[in-house]
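Student: Structure file structure-v2.cif (mmCIF, C-alpha atoms) is given on the next line.
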```
data_query
#
loop_
_atom_site.label_atom_id
_atom_site.label_comp_id
_atom_site.auth_asym_id
_atom_site.auth_seq_id
_atom_site.Cartn_x
_atom_site.Cartn_y
_atom_site.Cartn_z
CA MET A 216 208.30 -51.02 84.49
CA LEU A 217 208.19 -47.23 84.17
CA ARG A 218 206.04 -45.77 86.92
CA SER A 219 204.20 -43.30 84.68
CA ASP A 220 203.49 -45.73 81.83
CA PHE A 221 200.96 -48.89 80.92
CA LEU A 222 203.09 -53.01 81.72
CA ALA A 223 208.97 -46.77 82.45
CA GLY A 224 220.82 -35.28 74.42
CA VAL A 225 218.81 -34.56 71.24
CA ALA A 226 218.52 -37.45 68.82
CA GLY A 227 218.05 -36.79 65.12
CA ALA A 228 215.37 -38.49 63.07
CA THR A 229 216.36 -41.42 60.89
CA THR A 230 214.50 -43.32 58.22
CA LEU A 231 214.30 -47.09 57.85
CA ALA A 232 214.21 -48.75 54.45
CA GLN A 233 210.62 -49.35 53.42
CA THR A 234 209.18 -52.67 52.31
CA THR A 235 207.43 -52.23 48.96
CA PRO A 236 205.93 -55.00 46.81
CA GLY A 237 207.40 -55.15 43.32
CA PHE A 238 204.37 -54.01 41.30
CA PRO A 239 204.90 -51.81 38.24
CA ASN A 240 202.42 -48.98 38.97
CA ILE A 241 202.62 -48.77 42.74
CA THR A 242 201.03 -45.82 44.54
CA PRO A 243 203.65 -43.85 46.53
CA SER A 244 204.18 -44.99 50.10
CA VAL A 245 202.49 -43.40 53.09
CA SER A 246 204.77 -42.55 56.02
CA ILE A 247 203.71 -43.33 59.59
CA ALA A 248 205.94 -41.80 62.26
CA LEU A 249 206.98 -43.68 65.38
CA VAL A 250 208.22 -41.36 68.12
CA ALA A 251 209.61 -43.53 70.89
CA PRO A 252 212.80 -44.38 72.82
CA LEU A 253 215.03 -46.08 70.26
CA SER A 254 218.11 -45.48 72.41
CA GLY A 255 218.70 -44.93 76.11
CA PRO A 256 217.39 -46.86 79.14
CA ALA A 257 213.91 -47.43 77.69
CA LYS A 258 215.21 -48.70 74.34
CA PRO A 259 214.02 -52.31 74.92
CA ILE A 260 210.41 -51.11 75.13
CA GLY A 261 210.83 -48.76 72.17
CA THR A 262 212.31 -51.60 70.13
CA ARG A 263 209.29 -53.82 70.77
CA LEU A 264 206.90 -50.97 70.01
CA SER A 265 208.79 -50.43 66.75
CA ALA A 266 208.53 -54.13 65.93
CA GLY A 267 204.75 -53.93 66.24
CA VAL A 268 204.55 -50.93 63.92
CA GLN A 269 206.88 -52.45 61.34
CA ALA A 270 205.16 -55.83 61.45
CA CYS A 271 201.76 -54.29 60.77
CA ILE A 272 203.18 -52.26 57.89
CA GLN A 273 204.90 -55.32 56.43
CA TYR A 274 201.73 -57.40 56.69
CA ASN A 275 199.65 -54.76 54.89
CA ASN A 276 202.28 -54.10 52.22
CA GLU A 277 202.43 -57.80 51.38
CA LEU A 278 198.67 -57.80 50.82
CA ALA A 279 198.63 -54.60 48.78
CA GLY A 280 197.54 -54.76 45.16
CA SER A 281 199.21 -52.86 42.34
CA LEU A 282 197.11 -49.72 42.83
CA GLN A 283 196.92 -49.77 46.61
CA ARG A 284 198.99 -47.63 48.91
CA THR A 285 201.95 -49.09 50.74
CA TYR A 286 203.38 -47.83 53.99
CA ALA A 287 206.71 -47.02 55.56
CA MET A 288 207.69 -46.23 59.13
CA ARG A 289 209.69 -43.10 59.93
CA PRO A 290 211.33 -43.50 63.35
CA PHE A 291 212.10 -40.55 65.63
CA ASP A 292 214.09 -41.26 68.78
CA ASP A 293 212.87 -39.28 71.81
CA GLN A 294 214.83 -41.37 74.37
CA ASN A 295 211.70 -41.19 76.54
CA THR A 296 212.58 -37.73 77.86
CA PRO A 297 210.20 -34.75 77.74
CA ALA A 298 212.82 -32.45 76.18
CA ASN A 299 213.59 -34.84 73.33
CA ALA A 300 209.89 -35.65 72.90
CA LEU A 301 209.18 -31.98 72.29
CA ILE A 302 211.91 -31.76 69.65
CA GLN A 303 211.27 -35.07 67.92
CA SER A 304 207.52 -34.43 67.78
CA SER A 305 208.27 -31.15 66.00
CA PHE A 306 210.39 -33.08 63.48
CA ALA A 307 207.58 -35.59 62.90
CA THR A 308 204.97 -32.85 62.60
CA GLY A 309 207.13 -30.92 60.17
CA ASP A 310 207.67 -33.92 57.89
CA SER A 311 205.10 -33.47 55.14
CA THR A 312 205.25 -37.16 54.22
CA VAL A 313 204.00 -38.20 57.70
CA VAL A 314 200.23 -38.68 57.85
CA ALA A 315 199.98 -39.76 61.51
CA VAL A 316 202.10 -40.55 64.55
CA VAL A 317 202.36 -43.50 66.92
CA GLY A 318 203.87 -42.40 70.24
CA HIS A 319 205.20 -41.89 72.88
CA LEU A 320 206.09 -44.12 75.84
CA SER A 321 205.85 -42.23 79.15
CA SER A 322 203.07 -39.81 79.96
CA ASP A 323 205.52 -36.91 80.40
CA ALA A 324 206.96 -37.49 76.93
CA THR A 325 203.48 -37.86 75.43
CA LEU A 326 202.25 -34.62 76.99
CA GLN A 327 205.25 -32.75 75.61
CA GLY A 328 204.64 -34.17 72.14
CA ILE A 329 200.97 -33.18 72.23
CA GLN A 330 202.08 -29.54 72.40
CA ASN A 331 203.12 -29.98 68.75
CA TYR A 332 200.62 -32.55 67.49
CA GLY A 333 197.59 -30.79 68.95
CA PRO A 334 197.82 -27.40 67.23
CA ALA A 335 199.03 -29.04 63.99
CA GLN A 336 196.09 -31.49 64.01
CA VAL A 337 198.33 -34.46 63.31
CA PRO A 338 196.59 -37.73 64.27
CA LEU A 339 198.37 -39.13 67.33
CA ILE A 340 197.70 -42.72 68.39
CA VAL A 341 198.91 -43.23 71.98
CA PRO A 342 199.80 -46.91 72.36
CA LEU A 343 200.93 -47.24 75.98
CA SER A 344 200.37 -44.30 78.32
CA THR A 345 197.37 -44.70 80.64
CA ASP A 346 197.77 -41.35 82.42
CA ASP A 347 194.44 -39.50 82.60
CA ARG A 348 196.14 -36.24 81.61
CA VAL A 349 196.87 -37.43 78.07
CA THR A 350 193.26 -37.13 76.90
CA ALA A 351 192.40 -34.35 79.35
CA THR A 352 194.27 -32.00 77.00
CA ARG A 353 191.01 -31.84 75.01
CA TYR A 354 192.64 -32.01 71.60
CA ARG A 355 190.43 -33.85 69.11
CA ASN A 356 193.35 -35.46 67.26
CA VAL A 357 194.72 -37.52 70.20
CA PHE A 358 193.51 -41.13 70.47
CA ARG A 359 194.52 -43.49 73.25
CA LEU A 360 194.33 -47.30 72.99
CA PRO A 361 194.80 -48.60 76.58
CA THR A 362 192.15 -47.85 79.19
CA LYS A 363 193.04 -44.76 81.22
CA ASP A 364 193.87 -45.09 84.90
CA SER A 365 190.65 -43.76 86.40
CA PHE A 366 188.53 -46.02 84.17
CA GLU A 367 190.67 -48.98 85.15
CA GLY A 368 189.96 -48.26 88.81
CA GLN A 369 186.24 -47.98 88.10
CA LEU A 370 186.07 -51.24 86.17
CA PHE A 371 188.12 -53.08 88.80
CA ALA A 372 185.83 -51.86 91.59
CA ARG A 373 182.73 -53.08 89.74
CA THR A 374 184.33 -56.50 89.36
CA VAL A 375 185.26 -56.64 93.04
CA ILE A 376 181.72 -55.74 94.12
CA ALA A 377 180.17 -58.33 91.81
CA GLN A 378 182.64 -61.14 92.54
CA TYR A 379 183.59 -60.67 96.21
CA LYS A 380 180.86 -58.48 97.76
CA PRO A 381 183.35 -57.17 100.34
CA LYS A 382 182.32 -55.65 103.64
CA LEU A 383 185.33 -53.31 103.51
CA SER A 384 187.81 -52.80 100.68
CA TYR A 385 191.15 -51.19 101.42
CA VAL A 386 193.28 -49.37 98.84
CA PHE A 387 197.04 -48.86 99.11
CA VAL A 388 198.53 -46.04 97.01
CA GLN A 389 201.83 -44.18 97.13
CA ASP A 390 202.54 -40.47 96.66
CA ALA A 391 204.02 -41.26 93.25
CA ASP A 392 203.28 -40.30 89.65
CA TYR A 393 201.27 -43.48 89.05
CA GLY A 394 198.45 -44.92 91.11
CA ALA A 395 196.41 -41.96 92.35
CA ASP A 396 194.02 -41.90 89.38
CA VAL A 397 193.49 -45.66 89.60
CA ALA A 398 192.81 -45.42 93.33
CA ASN A 399 190.43 -42.49 92.88
CA GLY A 400 188.47 -44.35 90.21
CA PHE A 401 188.22 -47.42 92.43
CA LEU A 402 187.12 -45.44 95.50
CA ALA A 403 184.59 -43.33 93.58
CA THR A 404 182.89 -46.43 92.22
CA MET A 405 182.84 -48.08 95.64
CA LYS A 406 181.15 -44.99 97.07
CA ALA A 407 178.64 -44.81 94.22
CA GLN A 408 177.75 -48.47 94.76
CA ASN A 409 177.43 -48.03 98.55
CA SER A 410 180.30 -50.43 99.17
CA ALA A 411 182.54 -49.44 102.09
CA ALA A 412 186.14 -48.61 101.24
CA GLN A 413 189.12 -46.94 102.87
CA TYR A 414 192.52 -45.98 101.52
CA GLN A 415 196.01 -45.21 102.73
CA GLN A 416 198.51 -43.11 100.82
CA PHE A 417 202.08 -43.68 101.93
CA SER A 418 205.56 -42.54 101.03
CA TYR A 419 207.15 -43.55 97.76
CA ASP A 420 210.63 -42.36 98.75
CA HIS A 421 210.73 -43.90 102.24
CA PRO A 422 208.03 -46.58 102.55
CA ASP A 423 207.62 -48.43 105.84
CA PHE A 424 205.60 -51.41 104.63
CA GLY A 425 205.26 -52.93 108.07
CA ALA A 426 203.73 -49.78 109.56
CA VAL A 427 201.53 -49.30 106.51
CA VAL A 428 200.11 -52.80 106.77
CA ASP A 429 199.64 -52.53 110.55
CA LYS A 430 197.56 -49.39 110.09
CA ALA A 431 195.44 -51.02 107.39
CA LEU A 432 194.73 -54.20 109.31
CA VAL A 433 193.23 -52.23 112.19
CA ALA A 434 190.30 -51.56 109.83
CA GLN A 435 189.85 -55.34 109.25
CA PRO A 436 189.47 -55.23 105.46
CA ASP A 437 188.29 -58.29 103.55
CA TYR A 438 189.56 -57.07 100.17
CA VAL A 439 192.85 -55.29 99.40
CA PHE A 440 193.62 -53.37 96.22
CA LEU A 441 197.12 -52.21 95.28
CA ALA A 442 197.10 -49.13 93.03
CA GLY A 443 200.74 -48.92 92.06
CA VAL A 444 203.75 -50.57 90.47
CA VAL A 445 205.19 -53.90 91.59
CA GLY A 446 208.72 -52.51 91.61
CA ASP A 447 207.64 -49.96 94.21
CA MET A 448 204.85 -51.70 96.13
CA GLY A 449 205.64 -55.38 95.68
CA PRO A 450 206.89 -55.97 99.26
CA ILE A 451 203.48 -55.09 100.64
CA VAL A 452 202.08 -58.40 99.37
CA GLY A 453 204.38 -60.54 101.52
CA MET A 454 203.94 -58.18 104.48
CA LEU A 455 200.16 -58.54 104.32
CA ARG A 456 200.41 -62.35 104.49
CA THR A 457 203.09 -62.28 107.19
CA LYS A 458 200.90 -60.13 109.39
CA GLY A 459 197.90 -62.41 109.02
CA TYR A 460 195.79 -61.06 106.19
CA THR A 461 194.19 -64.03 104.43
CA GLY A 462 191.69 -62.31 102.12
CA PRO A 463 191.90 -61.68 98.37
CA ILE A 464 194.31 -59.17 96.87
CA GLY A 465 193.89 -57.25 93.62
CA ALA A 466 196.36 -55.02 91.81
CA SER A 467 196.38 -52.54 88.96
CA GLN A 468 198.25 -52.84 85.66
CA GLY A 469 201.49 -51.73 87.30
CA PHE A 470 201.67 -55.30 88.65
CA PHE A 471 201.19 -56.90 85.21
CA ASP A 472 204.94 -57.33 85.04
CA GLY A 473 207.48 -60.12 85.24
CA ALA A 474 208.57 -58.87 88.65
CA SER A 475 205.21 -59.96 90.09
CA MET A 476 206.09 -63.55 89.25
CA LYS A 477 208.93 -63.31 91.78
CA LEU A 478 206.77 -62.29 94.74
CA GLY A 479 206.51 -65.89 95.89
CA PRO A 480 203.63 -67.87 97.41
CA ALA A 481 202.22 -64.75 99.08
CA SER A 482 201.00 -63.58 95.66
CA ASP A 483 199.15 -66.79 94.78
CA GLY A 484 195.61 -65.94 93.75
CA MET A 485 196.27 -62.21 93.30
CA MET A 486 194.13 -60.76 90.50
CA VAL A 487 195.87 -58.23 88.25
CA SER A 488 194.27 -56.01 85.62
CA THR A 489 195.70 -54.85 82.31
CA SER A 490 194.58 -53.48 78.95
CA MET A 491 196.40 -56.35 77.24
CA PRO A 492 193.98 -59.06 76.06
CA TYR A 493 194.80 -62.76 76.08
CA LEU A 494 195.34 -63.17 72.35
CA PRO A 495 194.72 -66.95 72.16
CA PHE A 496 191.10 -66.09 73.09
CA ALA A 497 190.83 -63.38 70.40
CA PRO A 498 190.03 -65.20 67.13
CA ALA A 499 190.39 -62.10 64.93
CA THR A 500 194.10 -61.84 65.78
CA VAL A 501 195.20 -65.36 64.79
CA ARG A 502 196.65 -64.49 61.37
CA TRP A 503 198.31 -61.32 62.60
CA VAL A 504 199.93 -63.06 65.56
CA GLN A 505 201.19 -65.94 63.43
CA ASP A 506 202.69 -63.57 60.88
CA PHE A 507 204.31 -61.47 63.60
CA GLN A 508 205.85 -64.45 65.37
CA GLN A 509 207.21 -65.79 62.10
CA HIS A 510 209.21 -62.61 61.48
CA TRP A 511 209.60 -60.84 64.82
CA GLY A 512 209.46 -63.42 67.60
CA GLN A 513 207.07 -63.64 70.54
CA MET A 514 204.24 -61.13 70.64
CA ASP A 515 204.24 -59.00 73.81
CA ALA A 516 202.08 -56.11 75.01
CA PHE A 517 204.39 -53.40 73.65
CA ALA A 518 204.47 -54.89 70.16
CA ALA A 519 200.74 -55.64 70.26
CA PHE A 520 199.80 -52.03 70.99
CA GLY A 521 202.25 -50.73 68.40
CA TYR A 522 200.63 -53.06 65.87
CA ALA A 523 197.13 -51.95 66.89
CA ALA A 524 198.01 -48.25 66.66
CA THR A 525 199.28 -48.75 63.12
CA GLN A 526 196.12 -50.65 62.18
CA ILE A 527 194.03 -47.65 63.27
CA ILE A 528 195.98 -45.36 60.94
CA ILE A 529 195.92 -47.74 57.98
CA SER A 530 192.19 -48.32 58.47
CA ALA A 531 191.54 -44.57 58.33
CA VAL A 532 193.63 -44.14 55.17
CA THR A 533 191.88 -47.07 53.51
CA ARG A 534 188.35 -45.92 54.39
CA THR A 535 188.88 -42.33 53.28
CA ASN A 536 191.30 -42.99 50.41
CA SER A 537 193.11 -39.93 51.72
CA THR A 538 196.43 -38.99 53.27
CA ASN A 539 195.22 -35.60 54.47
CA ARG A 540 195.84 -35.32 58.21
CA ALA A 541 192.59 -33.49 58.99
CA VAL A 542 190.57 -36.03 57.01
CA LEU A 543 192.21 -38.89 58.91
CA VAL A 544 191.50 -37.24 62.28
CA GLN A 545 187.84 -36.99 61.33
CA ALA A 546 187.76 -40.59 60.10
CA ILE A 547 189.23 -41.96 63.33
CA ALA A 548 186.96 -39.80 65.47
CA GLN A 549 183.68 -40.53 63.68
CA GLY A 550 182.94 -43.67 65.70
CA VAL A 551 183.29 -46.43 63.11
CA PRO A 552 184.52 -49.54 64.99
CA MET A 553 188.03 -50.58 63.98
CA ASP A 554 189.35 -54.11 64.57
CA THR A 555 192.92 -54.30 65.82
CA MET A 556 195.38 -56.59 67.55
CA THR A 557 194.28 -55.36 71.00
CA GLY A 558 190.55 -54.94 70.50
CA THR A 559 187.82 -53.21 68.54
CA TYR A 560 188.02 -49.45 68.96
CA SER A 561 185.88 -46.41 68.52
CA PHE A 562 186.57 -43.25 70.49
CA THR A 563 184.96 -40.62 72.67
CA PRO A 564 185.12 -36.99 71.46
CA PHE A 565 188.39 -36.51 73.35
CA GLY A 566 190.09 -39.72 72.35
CA ASP A 567 189.56 -42.45 74.94
CA PRO A 568 188.05 -45.80 73.91
CA LEU A 569 184.27 -45.51 73.78
CA GLN A 570 183.97 -48.85 75.57
CA PRO A 571 186.99 -49.08 77.89
CA GLN A 572 188.00 -52.63 78.71
CA ILE A 573 190.42 -54.33 81.06
CA TYR A 574 191.43 -57.97 81.34
CA TYR A 575 192.13 -59.91 84.51
CA TYR A 576 194.94 -62.38 85.12
CA THR A 577 195.70 -64.32 88.28
CA LEU A 578 199.06 -65.27 89.71
CA LYS A 579 199.64 -68.89 90.64
CA ASP A 580 202.97 -70.58 91.26
CA GLY A 581 204.81 -67.63 89.79
CA LYS A 582 202.84 -67.54 86.52
CA PHE A 583 200.09 -65.35 85.10
CA THR A 584 196.92 -67.17 84.04
CA TYR A 585 194.20 -65.41 82.08
CA LEU A 586 190.95 -65.14 84.02
CA LYS A 587 188.35 -62.99 82.25
CA GLN A 588 187.48 -59.62 80.76
CA ALA A 589 185.76 -56.87 82.74
CA HIS A 590 182.67 -56.96 80.53
CA PRO A 591 181.60 -59.19 77.60
CA SER A 592 182.74 -58.33 74.09
CA THR A 593 182.71 -59.87 70.63
CA PHE A 594 186.51 -59.54 70.49
CA MET A 595 187.20 -62.16 73.16
CA LEU A 596 185.79 -65.65 73.63
CA LYS A 597 185.92 -65.24 77.43
#
```
As structure tokens - that is how I would like this structure written.
Tutor:
Amino acid sequence: MLRSDFLAGVAGATTLAQTTPGFPNITPSVSIALVAPLSGPAKPIGTRLSAGVQACIQYNNELAGSLQRTYAMRPFDDQNTPANALIQSSFATGDSTVVAVVGHLSSDATLQGIQNYGPAQVPLIVPLSTDDRVTATRYRNVFRLPTKDSFEGQLFARTVIAQYKPKLSYVFVQDADYGADVANGFLATMKAQNSAAQYQQFSYDHPDFGAVVDKALVAQPDYVFLAGVVGDMGPIVGMLRTKGYTGPIGASQGFFDGASMKLGPASDGMMVSTSMPYLPFAPATVRWVQDFQQHWGQMDAFAAFGYAATQIIISAVTRTNSTNRAVLVQAIAQGVPMDTMTGTYSFTPFGDPLQPQIYYYTLKDGKFTYLKQAHPSTFMLK
């Protein structure tokens, strides 16, 4: 998993063939740009994100009547690098047929792209990046679907206080590009709720997990929270158990990853948060999921958020009957709830979900099991 993301040469823009129903008086197609890694090391994630966008477009085109708009995806390959993101976002912005953009993958690529989307007032739906900086740019045309890092930390802390009532929580965080905002949100909420908490920041480049755990256990914590990525911090779980810690462990969305399933018995019972809902408990998504799986295979988080981002754009076009970029920005921002594959969204003035949500899963015998949502919603049964 990319450390700066939600779950990690200049490429020219290419166009995929559009799917258009065979009606005689069809309204011209609307282009939705996907700017994502369609080649390079992050291609597998970009491919799944693309599948979500295309599946949503296909589903809506099949339902379109003879006078309704149909949609096409225009892919732009940024290879998940900031330099290419800056160039490809300029291509997408300059394409007059594009009404909105879904992108990018990493926070660094997203921030580069915003330099073009922001001034041009092109609606940008951010499907994966949880970095606080993305919506701190203060552009009114940037809308993020997953819960940002600091909010995740806040919601997790509230859950810990309510469920465990710890005497002392202890947060582990590395000096890396992911984790600090989550840790800060967690610690700020603990302080506001008068719940004792300590933290330890340690080296990303040269971690000494044994020494880190020894230092933490001197404080005698009864709850441990890992604000980081399993690929970087995973060994700390086994070290905690080896050195005698028997209390509960929680981890941020950087641990919602297949690598966590390989941590062994030491991870049993660990609670992990993510913005990805458990779709079998989301009745509104049944038809969409079935259609996706029929054509594209198993639904995963990357495809789900690509699908949801596209639904936001199509909803705005449908409600306004417009393809004007400024009109669509206003429609998305005005606060009307929009149902999607990953939840019901309306947005704050600067583009974060108005009601941020995270979902908890537990690890048991090397498998993730859905536990609950951070707060009740009409989207999920539990």
Student: So how far away is atom CA of A:Met556 from atom CA of A:Phe471, in Å?
Tutor: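 According to the coordinates, atom CA of A:Phe471 and atom CA of A:Met556 are separated by 18.6 Å.
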Student: List as a list in words the protein and nucleic acid residues near A:Met595, meaning an atom at most 9 Å away when only C-alpha atoms are counted, but skip any in the same chain fewer than 4 places from it.
Tutor: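 Listing them by chain and then by number gives Pro492, Tyr493, Leu494, Pro495, Phe496, Ala497, Pro498, Ala499, Gly558, Gln588 and Pro591 of chain A.
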Student: Kindly assemble as a Markdown table a list of the stretch 255-325 of chain A residues that lie within 12 Å of stretch 389-413 of chain A, each paired with its nearest atom pair and their distance in Å to one decimal, using all atoms listed in the file, sorted first by chain and then by ascending residue number.
Tutor:
```
| residue | atom | partner | partner_atom | distance |
| --- | --- | --- | --- | --- |
| A:Ser321 | CA | A:Tyr393 | CA | 11.0 |
| A:Ser322 | CA | A:Asp392 | CA | 9.7 |
| A:Asp323 | CA | A:Asp392 | CA | 10.1 |
```
Student: Counting all atoms listed in the file, what are the residues of stretch 486-587 of chain A within 10 Å of stretch 242-251 of chain A, and for each of them which pair of atoms is the nearest and at what distance in Å, to one decimal? Sort the table by chain and rising number, as CSV.
Tutor:
```
residue,atom,partner,partner_atom,distance
A:Gly521,CA,A:Leu249,CA,9.0
A:Thr525,CA,A:Ile247,CA,7.8
A:Ile528,CA,A:Ile247,CA,8.1
A:Ile529,CA,A:Ile247,CA,9.1
A:Val532,CA,A:Val245,CA,9.1
A:Thr538,CA,A:Val245,CA,7.5
```
Student: So, counting only C-alpha atoms, which residue among A:Asp292, A:Val337, A:Thr262, A:Pro252 is closest to A:Val542?
Tutor: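 So, comparing all the options, the nearest one is A:Val337.
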Student: Running the PyMOL selection byres ((chain A and resi 490) around 9) on this model by hand, what would come out? Give it as a PyMOL selection string.
Tutor: chain A and resi 221-222+360-362+367+468+488-489+491-492+516+557+571-575
Student: Restricting the calculation to only C-alpha atoms: of A:Asp506, A:Asp580, A:Asp515, A:Asp429, which residue gets closest to A:Pro480?
Tutor: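 For A:Pro480, the nearest of the candidates is A:Asp580.
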Student: Could you tell me how far atom CA of A:Gly328 sits from atom CA of A:Gln303, in Å to one decimal place?
Tutor: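 Pair atom CA of A:Gln303 / atom CA of A:Gly328 returns 7.9 Å.
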Student: Compare A:Tyr414, A:Phe440, A:Phe470, A:Tyr560 by their minimum atom-to-atom distance to A:Thr593, counting only C-alpha atoms, and give me the closest one.
Tutor: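 Ranking A:Tyr414, A:Phe440, A:Phe470, A:Tyr560 by distance to A:Thr593, first place goes to A:Tyr560.
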Student: What's the separation between atom CA of A:Lys258 and atom CA of A:Ala524, in Å to one decimal place?
Tutor: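 Here the two named atoms are 18.8 Å from each other.
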